[in-house]
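Structure first, commentary second.
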Amino acid sequence: MEENIDLAVTPLVDTHKNLGAKLAPFGGWLMPIQYSGIIEEHNWTRANAGLFDICHMGEFAIEADLSKSNLGDLLTVNLKSMPEGSCRYGFMLNEMGGIIDDLVVYRISEFKWMIVVNAATTSTDEAHLRKYINSATNLENISVHLGKLDLQGPESRSLLQGLIAEDLELKYYTFGYFNLLGENIIISRTGYTGELGYELYMPNKKIPELWEKILTDKRVKPIGLGARDTLRLEIGYSLYGQDIDQNTTPLEAGLEYFIDWEKEFIGKAALKKEKEKGVPKRMIAFASGSRRSPRHNYRILYKGEDIGSVTSGSFSPSLGVGIGMGYISREVKTGELVDLVEGSVSINAKVVNKPFYKNGSAKCERVKK
Amino acid sequence: MNIPDNLFYTKDHEWAKIEGDSAKLGITDFAQSSLGDITFIDLPKIGAKIKQSELYSTVESVKAASDVYAPLSGEVLKVNDELINHPEMVNKSPYESGWFSIIKISDPAEKDRLMTSLQYKEYVEGLSK
């Protein structure tokens, strides 16, 4: 039935098939979309813990002495201000300020870094980085050897602590090295679900063993990319290639928070100009009053006038209504009404503030006893 | 795959259960399984005239919205209101509590354009090859 010859696979492809997962192409990879069902997996992650195969994502290992390297010029993140053991979300932009990729930077030591990028953009990112970096910057694409599992949900901390000897004391957006299955691996307190959670970077050859080991705990279930999408959308996180791309800037996407104006970076001049002139389009979030859900490319109407289109839309399992995000060409205030239209379908929705789902456990710190 | 004997089927995976001059309509087990979790059903209005093979309902799952076509022509006598708040009943029981509507059949001869359970079974097997 499926012609998936050209797709890349993770070390867990057979495991997913044995678990009865529905597999589908995503970003050039054959990935599990769902196991038991998107809503059940979504709710399980919010209430307990979910395990995600994220081996498709790209990683670069970089050596860069910031006094000589120009790595910082390629990113909106202020590398100099990052403490060792911290992670930071940001962008790689083109000269026009368009987003080449959104990424997370890890500062491993004074001179060592890791950058984690989207699967579909890994090769574009590598080409862009290699085009600009100077001789004081050493870049290695380690995606082929390095796998990643995300463990997300309120039970993830106690569950993961049970598997490692060291104290798993990590604050939000920090990481450390931990011994697991005979490897010294990076575990970061990061994720894409809005829940307390971790990302585990393990060599590909040990990914199946790590997957098995984590799943022996009955508090955790395997979660597909379908639920990953509803979980991230409920928090209002952008999906690269859908909500943001080379034709959108961080300002248009409402992500100025992740721009450090105090430093230089490719695309800064264009962004500065856009900030002065005002953005031609801006991202809004909306929730429908019913279970009926907006979808990608539905038109956004304000008082009958077509003002833009939906980039992400779905049923929200946590809220029981349709939610979505999209770009509009004029200002519309929170609380105002819009119609999301496609053919004969017209969904009445209210403009809301992100996140849609406000009870995520992502930033919960450990309660000291 | 559950394909009951006493129903008639379309290539778009709808079913019709004919009882005298009326028919109960719904979508098949194959359809609900392909769609995944169903989150919303746009049911026709009572009294609406529907035509065979034409759009008469929309089913939304978490991932997408899909069209539903009428297996037979007729007038809508009843719709399954339970589905408004519990669309997941279509996933759990596509042929029983997950029915969509009951129509008064306007042209009994249209039945001949539908598949029997045996034909539909063969058709579905052909799709998954």
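Within each chain, counting starts at residue 1; across the structure tokens, chains are named A, B, ... in the order shown, with ligands numbered 1 upward in that order.
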
Checklist entry - Excluding same-chain residues fewer than 2 positions from segment 41-53 of chain B, what lies within 10 Å of it counting only C-alpha atoms, as a VMD selection string? => result (chain A and resid 291 to 292 345) or (chain B and resid 10 to 12 38 to 39 55 to 61 65 to 81 83 to 88 90 100 to 107 110 to 111 113)

Can you check which parts of chain A lie within 9 Å of chain B? Per residue, the shortest pair of atoms and distance in Å to one decimal, counting only C-alpha atoms, sorted by chain and number, as JSON lines.
```
{"residue": "A:Met1", "atom": "CA", "partner": "B:Lys129", "partner_atom": "CA", "distance": 5.3}
{"residue": "A:Gln34", "atom": "CA", "partner": "B:Gly36", "partner_atom": "CA", "distance": 8.9}
{"residue": "A:Gly37", "atom": "CA", "partner": "B:Asp37", "partner_atom": "CA", "distance": 6.5}
{"residue": "A:Ile38", "atom": "CA", "partner": "B:Asp37", "partner_atom": "CA", "distance": 6.7}
{"residue": "A:Ile39", "atom": "CA", "partner": "B:Asp37", "partner_atom": "CA", "distance": 6.7}
{"residue": "A:Glu40", "atom": "CA", "partner": "B:Asp37", "partner_atom": "CA", "distance": 8.9}
{"residue": "A:Gly226", "atom": "CA", "partner": "B:Lys63", "partner_atom": "CA", "distance": 7.5}
{"residue": "A:Thr230", "atom": "CA", "partner": "B:Val62", "partner_atom": "CA", "distance": 8.2}
{"residue": "A:Ser290", "atom": "CA", "partner": "B:Phe40", "partner_atom": "CA", "distance": 8.9}
{"residue": "A:Arg291", "atom": "CA", "partner": "B:Phe40", "partner_atom": "CA", "distance": 5.9}
{"residue": "A:Arg292", "atom": "CA", "partner": "B:Phe40", "partner_atom": "CA", "distance": 5.9}
{"residue": "A:Ser293", "atom": "CA", "partner": "B:Glu60", "partner_atom": "CA", "distance": 7.8}
{"residue": "A:Arg295", "atom": "CA", "partner": "B:Ala64", "partner_atom": "CA", "distance": 7.2}
{"residue": "A:Gly313", "atom": "CA", "partner": "B:Lys63", "partner_atom": "CA", "distance": 8.8}
{"residue": "A:Ser314", "atom": "CA", "partner": "B:Val62", "partner_atom": "CA", "distance": 6.0}
{"residue": "A:Phe315", "atom": "CA", "partner": "B:Val62", "partner_atom": "CA", "distance": 5.3}
{"residue": "A:Ser316", "atom": "CA", "partner": "B:Val62", "partner_atom": "CA", "distance": 8.0}
{"residue": "A:Pro317", "atom": "CA", "partner": "B:Val62", "partner_atom": "CA", "distance": 8.4}
{"residue": "A:Gly320", "atom": "CA", "partner": "B:Thr39", "partner_atom": "CA", "distance": 8.7}
```

**Report entry** Contacts of Gln119 of chain B within 12 Å, only C-alpha atoms, excl. fewer than 2 positions in-chain, as a VMD selection string
**Finding:** chain B and resid 3 to 5 7 to 11 113 to 117 121 to 126

Report task. Fewer than 6 positions away in the same chain doesn't count, so skip those; otherwise give me all residues within 7 Å of Thr28 of chain B, counting only C-alpha atoms, as a list in words. Result ->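 Near Thr28 of chain B, the qualifying residues are His13, Glu14, Trp15, Pro94 and Tyr95 of chain B.
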
Just the selected residues (N, CA and C atoms), exported as a PDB file, in the first residue's frame, please.
```pdb
ATOM      1  N   HIS B  13     -17.185   4.353   1.788  1.00  0.00           N
ATOM      2  CA  HIS B  13     -17.233   3.762   3.129  1.00  0.00           C
ATOM      3  C   HIS B  13     -18.394   4.246   3.995  1.00  0.00           C
ATOM      4  N   GLU B  14     -19.552   4.467   3.304  1.00  0.00           N
ATOM      5  CA  GLU B  14     -20.784   4.669   4.056  1.00  0.00           C
ATOM      6  C   GLU B  14     -21.585   3.369   3.991  1.00  0.00           C
ATOM      7  N   TRP B  15     -22.492   3.191   4.961  1.00  0.00           N
ATOM      8  CA  TRP B  15     -23.387   2.022   4.903  1.00  0.00           C
ATOM      9  C   TRP B  15     -24.837   2.469   4.981  1.00  0.00           C
ATOM     10  N   PRO B  94     -19.618   1.846  15.039  1.00  0.00           N
ATOM     11  CA  PRO B  94     -19.995   2.502  13.785  1.00  0.00           C
ATOM     12  C   PRO B  94     -21.325   2.018  13.195  1.00  0.00           C
ATOM     13  N   TYR B  95     -21.735   0.769  13.505  1.00  0.00           N
ATOM     14  CA  TYR B  95     -22.953   0.219  12.875  1.00  0.00           C
ATOM     15  C   TYR B  95     -24.155   0.248  13.808  1.00  0.00           C
TER      16      TYR B  95
END
```

Which polymer residues have any atom within 8 Å of an atom of segment 44-48 of chain A, counting only C-alpha atoms, with same-chain residues fewer than 2 positions away left out, as a PyMOL selection string?
-> chain A and resi 40-42+50+152-156+195+219-221+223+360

Give me, as a list in words, all polymer residues having an atom no more than 10 Å from Ile266 of chain A, counting only C-alpha atoms and skipping those fewer than 6 positions away in the same chain.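 What passes the distance filter is Gly72, Asp73, Leu74, Leu75, Thr76, Met92, Leu93, Asn94, Glu95, Met96, Gly97 and Tyr132 of chain A.
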
Store the residues picked out above, limited to C-alpha atoms, as an mmCIF file, in the first residue's frame.
```
data_model
loop_
_atom_site.group_PDB
_atom_site.id
_atom_site.type_symbol
_atom_site.label_atom_id
_atom_site.label_comp_id
_atom_site.auth_asym_id
_atom_site.auth_seq_id
_atom_site.Cartn_x
_atom_site.Cartn_y
_atom_site.Cartn_z
ATOM 1 C CA GLY A 72 26.849 34.014 17.406
ATOM 2 C CA ASP A 73 26.204 36.065 14.249
ATOM 3 C CA LEU A 74 24.187 33.182 12.800
ATOM 4 C CA LEU A 75 21.744 32.955 15.698
ATOM 5 C CA THR A 76 19.309 35.279 17.446
ATOM 6 C CA MET A 92 18.583 31.158 12.427
ATOM 7 C CA LEU A 93 17.419 33.902 10.039
ATOM 8 C CA ASN A 94 18.082 34.849 6.442
ATOM 9 C CA GLU A 95 19.092 38.403 5.425
ATOM 10 C CA MET A 96 15.405 39.379 5.135
ATOM 11 C CA GLY A 97 14.723 38.263 8.674
ATOM 12 C CA TYR A 132 28.949 31.591 7.027
#
```

task: Enumerate the residues of chain B with a DSSP assignment of strand (DSSP E or B), computed from the backbone, and present them as a ChimeraX atom specification.
output: /B:8-9,14-19,22-27,38-42,49-50,55-61,65-69,74-79,101-105,115

Given only C-alpha atoms as the counted atoms, nearest of A:Asp65, A:Glu126, A:Asp101, A:Asp243 to Trp113 of chain A: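 The answer is A:Asp65, which sits nearest to Trp113 of chain A.
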
One number please: atom CA of Val116 of chain A to atom CA of Ser143 of chain A, in Å, one decimal.
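Going from atom CA of Val116 of chain A over to atom CA of Ser143 of chain A covers 9.1 Å.
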
Please list as a PDB file with C-alpha atoms, in the first residue's frame every residue within 12 Å of Val105 of chain A, counting only C-alpha atoms and excluding residues in the same chain fewer than 6 positions away.
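Dumped to selection11.pdb:
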```pdb
ATOM      1  CA  GLU A  59      21.873  17.824  15.952  1.00  0.00           C
ATOM      2  CA  PHE A  60      25.099  19.727  15.309  1.00  0.00           C
ATOM      3  CA  ALA A  61      28.132  19.497  17.598  1.00  0.00           C
ATOM      4  CA  ILE A  62      30.100  22.724  17.444  1.00  0.00           C
ATOM      5  CA  LEU A  71      28.822  31.468  15.409  1.00  0.00           C
ATOM      6  CA  GLY A  72      26.849  34.014  17.406  1.00  0.00           C
ATOM      7  CA  LEU A  74      24.187  33.182  12.800  1.00  0.00           C
ATOM      8  CA  LEU A  75      21.744  32.955  15.698  1.00  0.00           C
ATOM      9  CA  THR A  76      19.309  35.279  17.446  1.00  0.00           C
ATOM     10  CA  VAL A  77      20.394  33.680  20.738  1.00  0.00           C
ATOM     11  CA  ASN A  78      22.962  35.588  22.816  1.00  0.00           C
ATOM     12  CA  LEU A  79      25.569  32.839  23.194  1.00  0.00           C
ATOM     13  CA  LYS A  80      27.887  34.936  25.382  1.00  0.00           C
ATOM     14  CA  MET A  82      24.495  31.552  28.266  1.00  0.00           C
ATOM     15  CA  PRO A  83      25.779  29.717  31.357  1.00  0.00           C
ATOM     16  CA  GLU A  84      27.300  26.268  30.799  1.00  0.00           C
ATOM     17  CA  GLY A  85      24.569  23.659  31.158  1.00  0.00           C
ATOM     18  CA  SER A  86      21.823  25.934  29.860  1.00  0.00           C
ATOM     19  CA  CYS A  87      19.593  25.656  26.779  1.00  0.00           C
ATOM     20  CA  ARG A  88      18.057  28.484  24.833  1.00  0.00           C
ATOM     21  CA  TYR A  89      15.382  28.644  22.117  1.00  0.00           C
ATOM     22  CA  GLY A  90      15.960  30.923  19.131  1.00  0.00           C
ATOM     23  CA  PHE A  91      16.260  31.254  15.369  1.00  0.00           C
ATOM     24  CA  MET A  92      18.583  31.158  12.427  1.00  0.00           C
ATOM     25  CA  LYS A 112      31.468  23.383  23.136  1.00  0.00           C
ATOM     26  CA  TRP A 113      27.895  23.675  21.881  1.00  0.00           C
ATOM     27  CA  MET A 114      25.088  21.566  20.517  1.00  0.00           C
ATOM     28  CA  ILE A 115      22.344  22.921  18.274  1.00  0.00           C
ATOM     29  CA  VAL A 116      19.140  20.895  17.872  1.00  0.00           C
ATOM     30  CA  VAL A 117      17.132  21.571  14.707  1.00  0.00           C
ATOM     31  CA  TYR A 173      15.778  24.884  30.097  1.00  0.00           C
ATOM     32  CA  THR A 174      18.938  23.445  31.646  1.00  0.00           C
ATOM     33  CA  PHE A 175      20.678  20.121  31.052  1.00  0.00           C
ATOM     34  CA  SER A 188      17.697  18.390  29.194  1.00  0.00           C
ATOM     35  CA  THR A 190      12.953  20.814  27.722  1.00  0.00           C
TER      36      THR A 190
END
```

Expressed in Å, the length from atom CA of Trp261 of chain A to atom CA of Ala64 of chain A is 21.7 Å

**Asked** From the list A:Asn204, A:Glu110, A:Gly28, A:Leu196, which residue is nearest Ser123 of chain A when using only C-alpha atoms?
**Response**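 Closest to Ser123 of chain A of all the choices is A:Gly28.
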
Would you return as number ranges by chain the members of segment 177-314 of chain A that DSSP assigns to helix (DSSP H, G or I) on this structure's backbone?
-> A: 204-215, 225-235, 256-258, 268-277

Keeping only N, CA and C atoms, write the selected residues to a file as a JSON list (two decimals), in the first residue's frame.
```json
[["chain", "number", "residue", "atom", "x", "y", "z"],
["A", 204, "ASN", "N", 22.22, 6.30, 18.67],
["A", 204, "ASN", "CA", 21.18, 5.53, 17.99],
["A", 204, "ASN", "C", 21.19, 4.04, 18.33],
["A", 205, "LYS", "N", 22.40, 3.48, 18.47],
["A", 205, "LYS", "CA", 22.49, 2.03, 18.69],
["A", 205, "LYS", "C", 21.86, 1.61, 20.01],
["A", 206, "LYS", "N", 21.75, 2.52, 20.96],
["A", 206, "LYS", "CA", 21.14, 2.16, 22.25],
["A", 206, "LYS", "C", 19.72, 2.71, 22.42],
["A", 207, "ILE", "N", 19.20, 3.32, 21.38],
["A", 207, "ILE", "CA", 17.84, 3.87, 21.46],
["A", 207, "ILE", "C", 16.78, 2.78, 21.74],
["A", 208, "PRO", "N", 16.82, 1.64, 21.01],
["A", 208, "PRO", "CA", 15.79, 0.62, 21.29],
["A", 208, "PRO", "C", 15.82, 0.12, 22.74],
["A", 209, "GLU", "N", 17.04, 0.00, 23.30],
["A", 209, "GLU", "CA", 17.18, -0.46, 24.69],
["A", 209, "GLU", "C", 16.61, 0.58, 25.66],
["A", 210, "LEU", "N", 16.88, 1.86, 25.37],
["A", 210, "LEU", "CA", 16.38, 2.93, 26.24],
["A", 210, "LEU", "C", 14.84, 3.00, 26.17],
["A", 211, "TRP", "N", 14.32, 2.86, 24.96],
["A", 211, "TRP", "CA", 12.86, 2.88, 24.73],
["A", 211, "TRP", "C", 12.20, 1.77, 25.58],
["A", 212, "GLU", "N", 12.74, 0.54, 25.49],
["A", 212, "GLU", "CA", 12.21, -0.60, 26.23],
["A", 212, "GLU", "C", 12.24, -0.34, 27.73],
["A", 213, "LYS", "N", 13.39, 0.17, 28.18],
["A", 213, "LYS", "CA", 13.60, 0.36, 29.61],
["A", 213, "LYS", "C", 12.60, 1.37, 30.18],
["A", 214, "ILE", "N", 12.40, 2.46, 29.47],
["A", 214, "ILE", "CA", 11.46, 3.48, 29.96],
["A", 214, "ILE", "C", 10.03, 2.94, 29.96],
["A", 215, "LEU", "N", 9.70, 2.17, 28.92],
["A", 215, "LEU", "CA", 8.31, 1.68, 28.79],
["A", 215, "LEU", "C", 7.95, 0.56, 29.77],
["A", 225, "LEU", "N", 3.23, 11.29, 16.72],
["A", 225, "LEU", "CA", 3.34, 12.69, 16.31],
["A", 225, "LEU", "C", 1.98, 13.39, 16.23],
["A", 226, "GLY", "N", 0.90, 12.61, 16.13],
["A", 226, "GLY", "CA", -0.44, 13.20, 16.13],
["A", 226, "GLY", "C", -0.71, 13.92, 17.43],
["A", 227, "ALA", "N", -0.49, 13.24, 18.55],
["A", 227, "ALA", "CA", -0.69, 13.86, 19.86],
["A", 227, "ALA", "C", 0.39, 14.91, 20.13],
["A", 228, "ARG", "N", 1.59, 14.70, 19.63],
["A", 228, "ARG", "CA", 2.64, 15.72, 19.79],
["A", 228, "ARG", "C", 2.15, 17.05, 19.19],
["A", 229, "ASP", "N", 1.44, 16.94, 18.06],
["A", 229, "ASP", "CA", 0.94, 18.14, 17.40],
["A", 229, "ASP", "C", -0.18, 18.81, 18.21],
["A", 230, "THR", "N", -1.12, 18.04, 18.76],
["A", 230, "THR", "CA", -2.20, 18.66, 19.55],
["A", 230, "THR", "C", -1.65, 19.20, 20.86],
["A", 231, "LEU", "N", -0.67, 18.52, 21.44],
["A", 231, "LEU", "CA", -0.07, 18.99, 22.70],
["A", 231, "LEU", "C", 0.65, 20.32, 22.48],
["A", 232, "ARG", "N", 1.41, 20.43, 21.39],
["A", 232, "ARG", "CA", 2.16, 21.68, 21.15],
["A", 232, "ARG", "C", 1.21, 22.81, 20.76],
["A", 233, "LEU", "N", 0.17, 22.47, 20.00],
["A", 233, "LEU", "CA", -0.75, 23.52, 19.57],
["A", 233, "LEU", "C", -1.51, 24.10, 20.77],
["A", 234, "GLU", "N", -1.89, 23.27, 21.72],
["A", 234, "GLU", "CA", -2.60, 23.77, 22.92],
["A", 234, "GLU", "C", -1.74, 24.76, 23.70],
["A", 235, "ILE", "N", -0.41, 24.67, 23.57],
["A", 235, "ILE", "CA", 0.48, 25.61, 24.26],
["A", 235, "ILE", "C", 0.76, 26.82, 23.35],
["A", 256, "GLU", "N", 9.08, 37.81, 19.30],
["A", 256, "GLU", "CA", 10.14, 38.79, 19.53],
["A", 256, "GLU", "C", 10.88, 38.53, 20.84],
["A", 257, "TYR", "N", 10.20, 37.89, 21.78],
["A", 257, "TYR", "CA", 10.81, 37.55, 23.06],
["A", 257, "TYR", "C", 12.13, 36.80, 22.88],
["A", 258, "PHE", "N", 12.25, 36.06, 21.79],
["A", 258, "PHE", "CA", 13.45, 35.24, 21.57],
["A", 258, "PHE", "C", 14.51, 35.94, 20.72],
["A", 268, "LYS", "N", 19.17, 40.96, 11.35],
["A", 268, "LYS", "CA", 18.80, 41.98, 12.35],
["A", 268, "LYS", "C", 18.36, 43.30, 11.70],
["A", 269, "ALA", "N", 19.10, 43.71, 10.65],
["A", 269, "ALA", "CA", 18.77, 44.98, 9.99],
["A", 269, "ALA", "C", 17.34, 44.95, 9.45],
["A", 270, "ALA", "N", 16.99, 43.82, 8.81],
["A", 270, "ALA", "CA", 15.64, 43.68, 8.24],
["A", 270, "ALA", "C", 14.58, 43.69, 9.35],
["A", 271, "LEU", "N", 14.88, 43.01, 10.45],
["A", 271, "LEU", "CA", 13.92, 42.96, 11.57],
["A", 271, "LEU", "C", 13.71, 44.33, 12.19],
["A", 272, "LYS", "N", 14.82, 45.07, 12.31],
["A", 272, "LYS", "CA", 14.77, 46.41, 12.91],
["A", 272, "LYS", "C", 13.87, 47.32, 12.08],
["A", 273, "LYS", "N", 14.05, 47.21, 10.77],
["A", 273, "LYS", "CA", 13.27, 47.99, 9.83],
["A", 273, "LYS", "C", 11.78, 47.61, 9.95],
["A", 274, "GLU", "N", 11.53, 46.31, 10.02],
["A", 274, "GLU", "CA", 10.15, 45.83, 10.13],
["A", 274, "GLU", "C", 9.51, 46.32, 11.42],
["A", 275, "LYS", "N", 10.31, 46.35, 12.49],
["A", 275, "LYS", "CA", 9.80, 46.80, 13.79],
["A", 275, "LYS", "C", 9.41, 48.28, 13.74],
["A", 276, "GLU", "N", 10.22, 49.07, 13.02],
["A", 276, "GLU", "CA", 9.94, 50.50, 12.90],
["A", 276, "GLU", "C", 8.69, 50.75, 12.03],
["A", 277, "LYS", "N", 8.63, 50.02, 10.91],
["A", 277, "LYS", "CA", 7.53, 50.23, 9.95],
["A", 277, "LYS", "C", 6.22, 49.57, 10.38]]
```

Mind giving me the straight-line distance from atom CA of Ile347 of chain A to atom CA of Lys281 of chain A in Å, one decimal?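 Atom CA of Lys281 of chain A lies 21.6 Å from atom CA of Ile347 of chain A.
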